[in-house]
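Structure first, commentary second.
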Amino acid sequence: MTISNGLNRREEDIESTPIASYAKYSNEDLLDELKTSFKGLADKEAKRRLLRYGLNIPAQKKKISAAVLLFSKFRNPLILTLLVIALLSLFFGEEINAIFVALMILVSVALEFSLEYRSGKAVEKLSDLVRTKVAVFRDGAQKEIDLFDIVPGDIIDLYAGDMIPADLRIIQAKDLFINQSSFTGESFPVEKTAAFDKTKKEAIEKLENIAFMGSSVVSGTGLGVAVKTGKYTQFGEISSSLVRIEEETSFDRGIKQFTMLMIHLMLILVVFIFFAIVVLKQGIFKDALLFSLAVAVGITPEMLPMLVSINLSRGAADMAKKKVIVKRLNSIQNFGAMDILCTDKTGTLTLDKIVMVNHYDVEGDEDKEVMEYAYLNSSFQTGLKNLLDKAIISHEKITMAGYQKVDEMPFDFSRRIMSVVVEKGGKHILIAKGAPEDIFNHSSHYYLNGEIHKIHDKIFSKVQEEYDKLSGQGFRVLAVAYKNIESPKAIYSKKDESGLVLRGYLAFLDPAKPTVKESLGALEELGIEIKVLTGDNEIITDKICRDVSLHVKGVITGFQMENIQDAELERLVEKTTIFARLNPIQKERVIKALHKNNHTVGYLGDGINDAPSLKAADIGISVNNAVDIAKESADIILLQKSLMALKDGVLDGRKVFGNIIKYIKMSASSNFGNMISLTGATLFLPFLPMTPLQILFNNFLYDMGQLALPNDAVDKEYLAKPRPWNINYIKKFILFIGPLSSIYDFLTFGIMLYIFNAAQNQEFFHTGWFIESLFTQILVIYVIRTNKIPFIESAPNKFLIFNTLLVLAVALGVVFSSFAELFGFVAMPPLYFIILFVLLVTYLSLVQIVKTWVVRKYGYQ
């Protein structure tokens, strides 16, 4: 057969073929063109195609080699500033300055490169733990492979819950509904069929036999052949333009705001100092320029990006040890700031181990035939077997001799029914099981004691009463119905699920986890409120919540939410604990309402219908055995579905954030104080307070002294409640703490000038202020790192103590060594150190007093 304008083109053109072309041809022609079959590709051929088309990754940041990563560190504006200083120093004949600044650059770059390179390798290993698997046919047998290894021509098996791993042409479908909202924005699932479509569609998303990468199977089953993979998919084309764009968290924005604030202040001060030296003091241009550039480096928090990376990487590694995998490093802060956790009931509050308790007729008496019908339904269905199906099959072994499967109507979330059609003795029987309300709505009669009766209000009330009784005891209830088919046929649809005969119902129990009560108590102690968002009914959910001692403030159902406006919902979510019978859109509404009330919301989910909520939440949390689309939507993956593991992760998140805030408060208050001190010194001193090299050396030692902060302990009081980013508190802290160091700088200036007569000995003055400035900055770390009394109520990490003492020892060692002359230092007399001791004691005491007042007045941050 010759295909006009068909697919008969070179293999090299497959990636450039418009997706709509694959919709127009029959399955046979398509498989022939792709050189594949229903049995799938041979492994050898698949490997060849993988080399030809590349990994099935829609859009990926280009993998950076170690050399490129190292070189990229030199493009940092702060490193470039240091390079300019080094070059200018060399140009003006200051070789020692240039060599020292070059050493600073090398040490800084080497440290950041080492940490980032190792962190990247660690993240790759952690990502492998949660890599998505796909069921494909290779060499005639079904096997699971990594999503990355899908190639054009692969035959993909599709079930409810699967993520579409590539652009697929559907070649078999049975009630196959796809959610392609990630591609179209349309929240309702669309049906896909295997019929080839020659009609021209206005938009490719209207193609009925094409499923797009990134969408997900809501219900039904099917087979698809991969026609586009990786960057050649529609998803890949869209995402390639966005690959460099990462969603900013409030913490990211806060760090940027803080950095820009410091840079703006730095620019203003540097320009002022430069012109003050040149104009007011008639200083030499070279000295003014070098001093101003050194000041720029000295008052800029250049270590902030590196320390943030260290903290986040260390936090992710610590969380991984506790079976919590971080997919996005910058989500760790949101994890610690989370004050509301929305979670499903099943598997979180309960064991997620369904046990079938009994099977009843419509009047509540045990009936073995109800069990037989349920067993046939669960055994013959080929869709996503859930825990209820497994409980039915494992409850009792029933022979299926004489029964043959004819067809099935898979479960979906809209009708909440799963049906199979079986044949026995030439007769077709439709057997349905599902949510009692939906089975009732599809039933016109009921079976009792060998007779079929028309459903009337009295029997309906009795059935409803028995159902509510079991639900109130914590049982999950499914209804079972059947229909004898008068006109058998080969293919059935959901339309045939009408006029059913209600046969009875099944009672299941998913008991509460023994550890949940303790876990909930631990989360509540951390200031996290639990809200249960479930598709299950409110009676069961309320019973389970009370069994685990979760205080229930209120209950809202999805039906009630339909009549509630957003403004009213924002008020109700604050006094509601259980949100029952919700669909995915309603779960998302609850999360958005909580956002409007300024909550940091976490969502724990593992199902198909949880994906929108995982995306909407500040921190999406899933589990390793979740469906593909849930794992892909999550920021955090739990290797075990345990609230206690969640608690450990929250504590690590708060510790990471706490240590980052420590550095910000230390560096910001210190830099603000230095700005005041340098401004005063420039205006009133007849000479520069320190040389450019001394400023750089001082700044370098101070930064090295803080490198141990990621290892530091965090006060229990700080970990006790959520800590959202609060730039206003940081500003207040800077304004009150920063000027204290300036007061002691000015006292030092006065002591140097009037006690030691250093006006005629600039080297003595420089050395005196260098030591005082460094000692106050280093030792105040112990005061600022805690809101309590340092050492007495809060002990620092031993490595932090060692590191800071080492920095001070190096500073004094340089001052009293043969290197002193290179830096312009001179030895200081004993009287200076006695005065320094008094200054340090009074300064640290004053900072402790003011810090305590700030904490009491403005809160704990």
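Each chain in the structure tokens gets a letter, A, B and so on, in the order shown; residues start at 1 in every chain, and ligands are counted from 1 in the order they appear.
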List every residue of segment 309-422 of chain A that DSSP, applied to the backbone of this structure, assigns to alpha helix (DSSP H), and report them as a ChimeraX atom specification.
/A:309-321,332-337,368-380,387-395
Counting only C-alpha atoms, what is within 12 Å of segment 811-816 of chain A, bar same-chain residues fewer than 4 positions away, as number ranges by chain?
A: 694, 697-702, 704-705, 763-764, 766-768, 770-775, 778, 804-807, 820-829, 833
Go ahead and write the selection's residues with N, CA and C atoms as a compact mmCIF listing (two decimals), in the first residue's frame.
```
# COMPACT_ATOMS: atom_id res chain seq x y z
N GLN A 694 44.23 45.41 54.74
CA GLN A 694 43.77 45.06 56.08
C GLN A 694 42.25 44.84 56.11
N PHE A 697 41.66 41.47 54.52
CA PHE A 697 42.09 40.40 55.43
C PHE A 697 41.10 40.25 56.57
N ASN A 698 40.64 41.37 57.11
CA ASN A 698 39.64 41.36 58.19
C ASN A 698 38.36 40.67 57.72
N ASN A 699 37.90 41.05 56.54
CA ASN A 699 36.66 40.48 55.99
C ASN A 699 36.81 38.98 55.72
N PHE A 700 37.96 38.60 55.18
CA PHE A 700 38.21 37.19 54.89
C PHE A 700 38.20 36.35 56.17
N LEU A 701 38.88 36.83 57.21
CA LEU A 701 38.91 36.08 58.47
C LEU A 701 37.53 35.99 59.10
N TYR A 702 36.76 37.07 59.01
CA TYR A 702 35.41 37.06 59.58
C TYR A 702 34.53 36.03 58.87
N MET A 704 35.58 33.38 57.23
CA MET A 704 36.06 32.03 57.57
C MET A 704 35.55 31.60 58.95
N GLY A 705 35.40 32.58 59.85
CA GLY A 705 34.92 32.26 61.18
C GLY A 705 33.48 31.76 61.21
N GLU A 763 50.11 53.11 61.52
CA GLU A 763 50.18 51.64 61.59
C GLU A 763 49.66 51.14 62.93
N PHE A 764 49.98 51.86 64.00
CA PHE A 764 49.49 51.48 65.33
C PHE A 764 47.96 51.59 65.36
N HIS A 766 45.88 51.51 62.77
CA HIS A 766 45.31 50.47 61.91
C HIS A 766 45.26 49.12 62.61
N THR A 767 46.37 48.79 63.28
CA THR A 767 46.45 47.49 63.97
C THR A 767 45.43 47.42 65.10
N GLY A 768 45.34 48.52 65.87
CA GLY A 768 44.40 48.54 67.00
C GLY A 768 42.97 48.36 66.57
N PHE A 770 41.95 47.07 63.65
CA PHE A 770 41.84 45.75 63.01
C PHE A 770 41.54 44.69 64.06
N ILE A 771 42.31 44.67 65.15
CA ILE A 771 42.10 43.65 66.18
C ILE A 771 40.75 43.82 66.85
N GLU A 772 40.42 45.07 67.24
CA GLU A 772 39.13 45.30 67.91
C GLU A 772 37.96 44.96 67.02
N SER A 773 38.04 45.36 65.75
CA SER A 773 36.96 45.09 64.81
C SER A 773 36.77 43.59 64.60
N LEU A 774 37.87 42.86 64.41
CA LEU A 774 37.76 41.43 64.18
C LEU A 774 37.27 40.69 65.42
N PHE A 775 37.82 41.03 66.59
CA PHE A 775 37.42 40.35 67.83
C PHE A 775 35.94 40.58 68.14
N ILE A 778 33.85 38.55 65.56
CA ILE A 778 33.93 37.10 65.75
C ILE A 778 33.22 36.67 67.02
N THR A 804 36.25 29.59 65.22
CA THR A 804 36.37 31.01 65.58
C THR A 804 37.67 31.28 66.35
N LEU A 805 38.03 30.38 67.26
CA LEU A 805 39.28 30.57 68.01
C LEU A 805 40.48 30.47 67.08
N LEU A 806 40.39 29.58 66.09
CA LEU A 806 41.47 29.47 65.12
C LEU A 806 41.64 30.76 64.33
N VAL A 807 40.52 31.36 63.92
CA VAL A 807 40.57 32.62 63.17
C VAL A 807 41.23 33.72 64.01
N ALA A 820 53.76 40.59 59.82
CA ALA A 820 53.08 41.82 60.22
C ALA A 820 53.42 42.98 59.29
N GLU A 821 54.68 43.04 58.90
CA GLU A 821 55.11 44.17 58.06
C GLU A 821 54.41 44.13 56.70
N LEU A 822 54.17 42.93 56.17
CA LEU A 822 53.49 42.82 54.87
C LEU A 822 52.09 43.40 54.92
N PHE A 823 51.43 43.24 56.05
CA PHE A 823 50.06 43.73 56.21
C PHE A 823 50.00 45.14 56.82
N GLY A 824 51.16 45.67 57.19
CA GLY A 824 51.17 47.00 57.81
C GLY A 824 50.78 46.98 59.27
N PHE A 825 51.03 45.86 59.97
CA PHE A 825 50.70 45.76 61.39
C PHE A 825 51.94 46.02 62.24
N VAL A 826 51.67 46.39 63.51
CA VAL A 826 52.74 46.52 64.50
C VAL A 826 52.29 45.83 65.77
N ALA A 827 53.25 45.43 66.60
CA ALA A 827 52.91 44.76 67.86
C ALA A 827 52.23 45.75 68.80
N MET A 828 51.24 45.26 69.53
CA MET A 828 50.47 46.11 70.45
C MET A 828 50.93 45.85 71.89
N PRO A 829 50.93 46.91 72.74
CA PRO A 829 51.38 46.77 74.13
C PRO A 829 50.34 46.05 74.99
N PHE A 833 45.60 45.38 75.24
CA PHE A 833 44.80 44.16 75.38
C PHE A 833 43.95 44.18 76.65
```
If you run DSSP on the backbone here, which positions in segment 458-696 of chain A get strand (DSSP E)? Please write them as JSON, numbers by chain.
{"A": [475, 476, 477, 478, 479, 480, 481, 482, 483, 484, 485, 500, 501, 502, 503, 504, 505, 506, 507, 508, 509, 529, 530, 531, 532, 533, 555, 556, 557, 578, 579, 580, 601, 602, 603, 604, 619, 620, 621, 622, 623, 636, 637, 638]}
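The smallest atom-to-atom distance between Val370 of chain A and any of A:Glu95, A:Arg546, A:Tyr505, A:Ser219, using only C-alpha atoms, is found for A:Tyr505.
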Ser419 of chain A: which residues within 8 Å, counting only C-alpha atoms, same-chain residues fewer than 5 positions away excluded, as a ChimeraX atom specification?
/A:377,381,408-411,430-433,497
Can you tell me how far atom CA of Leu740 of chain A sits from atom CA of Asp703 of chain A, in Å to one decimal?
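The value is 19.9 Å.
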Distance criterion (only C-alpha atoms): nearest to Ser549 of chain A out of A:Gly336, A:Gly472, A:Gly535, A:Pro514
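So, comparing all the options, the nearest one is A:Pro514.
Compared by their closest atoms to Leu846 of chain A, and using only C-alpha atoms, the residues A:Ala795, A:Val650, A:Ile784, A:Ala809 rank with A:Ile784 nearest.
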Within 10 Å of Lys489 of chain A, counting only C-alpha atoms, which residues show up once you throw out same-chain ones fewer than 3 positions away? Write them as a VMD selection string, please.
chain A and resid 406 to 407 428 485 to 486 492
Env of Ala567 of chain A: 12 Å cut, atoms = only C-alpha atoms, seq-sep filter 6 positions within chain, self excluded. Answer as a VMD selection string.
chain A and resid 561 573 589 to 590 592 to 594 596 to 597
Which of these residues is nearest to Ser642 of chain A, using only C-alpha atoms: A:Phe736, A:His599, A:Thr343, A:Gln848?
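Using only C-alpha atoms, the shortest distance to Ser642 of chain A belongs to A:Thr343.
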Using only C-alpha atoms, which protein or nucleic acid residues come within 9 Å of Leu643 of chain A? Drop anything in the same chain fewer than 3 positions from it, and give the result as a ChimeraX atom specification.
/A:348-349,515-516,519-520,523,646-648
Could you name the residues that touch Asn179 of chain A at 7 Å or less, counting only C-alpha atoms, but leaving out those on the same chain fewer than 5 positions away, as a PyMOL selection string?
chain A and resi 188-190+215-218
Based on the selection just made, write N, CA, C and O atoms of those residues as a short mmCIF file (atom, residue, chain, number, x, y, z; two decimals), in the first residue's frame.
```cif
data_model
loop_
_atom_site.label_atom_id
_atom_site.label_comp_id
_atom_site.auth_asym_id
_atom_site.auth_seq_id
_atom_site.Cartn_x
_atom_site.Cartn_y
_atom_site.Cartn_z
N PHE A 188 -10.91 19.14 33.10
CA PHE A 188 -11.68 17.91 32.93
C PHE A 188 -10.94 16.92 32.04
O PHE A 188 -10.37 17.29 31.01
N PRO A 189 -10.97 15.64 32.41
CA PRO A 189 -10.30 14.63 31.58
C PRO A 189 -10.95 14.51 30.21
O PRO A 189 -12.14 14.80 30.05
N VAL A 190 -10.16 14.08 29.22
CA VAL A 190 -10.69 13.88 27.87
C VAL A 190 -10.51 12.41 27.50
O VAL A 190 -9.55 11.77 27.93
N SER A 215 0.89 14.48 30.65
CA SER A 215 -0.49 14.26 31.07
C SER A 215 -0.56 12.94 31.84
O SER A 215 0.46 12.25 31.99
N SER A 216 -1.73 12.59 32.34
CA SER A 216 -1.82 11.38 33.17
C SER A 216 -3.12 10.64 32.90
O SER A 216 -4.13 11.24 32.49
N VAL A 217 -3.09 9.33 33.14
CA VAL A 217 -4.27 8.49 32.92
C VAL A 217 -5.17 8.58 34.16
O VAL A 217 -4.75 8.24 35.26
N VAL A 218 -6.38 9.06 33.96
CA VAL A 218 -7.34 9.17 35.06
C VAL A 218 -8.08 7.86 35.25
O VAL A 218 -8.26 7.39 36.37
#
```
Length of the atom CA of Arg169 of chain A to atom CA of Lys35 of chain A vector [Å]
14.4 Å
Nearest to Glu372 of chain A among A:Ala617, A:Val783, A:Val480, A:Ala110, with distances taken over only C-alpha atoms: which residue is it?
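Checking each candidate against Glu372 of chain A, we get A:Val480 as the closest.
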Compare A:Ile171, A:Ile178, A:Ala294, A:Val271 by their minimum atom-to-atom distance to Glu205 of chain A, counting only C-alpha atoms, and give me the closest one.
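For Glu205 of chain A, the nearest of the candidates is A:Ile178.
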Interatomic distance between atom CA of Asp745 of chain A and atom CA of Phe733 of chain A?
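Interatomic distance, atom CA of Asp745 of chain A to atom CA of Phe733 of chain A: 18.9 Å.
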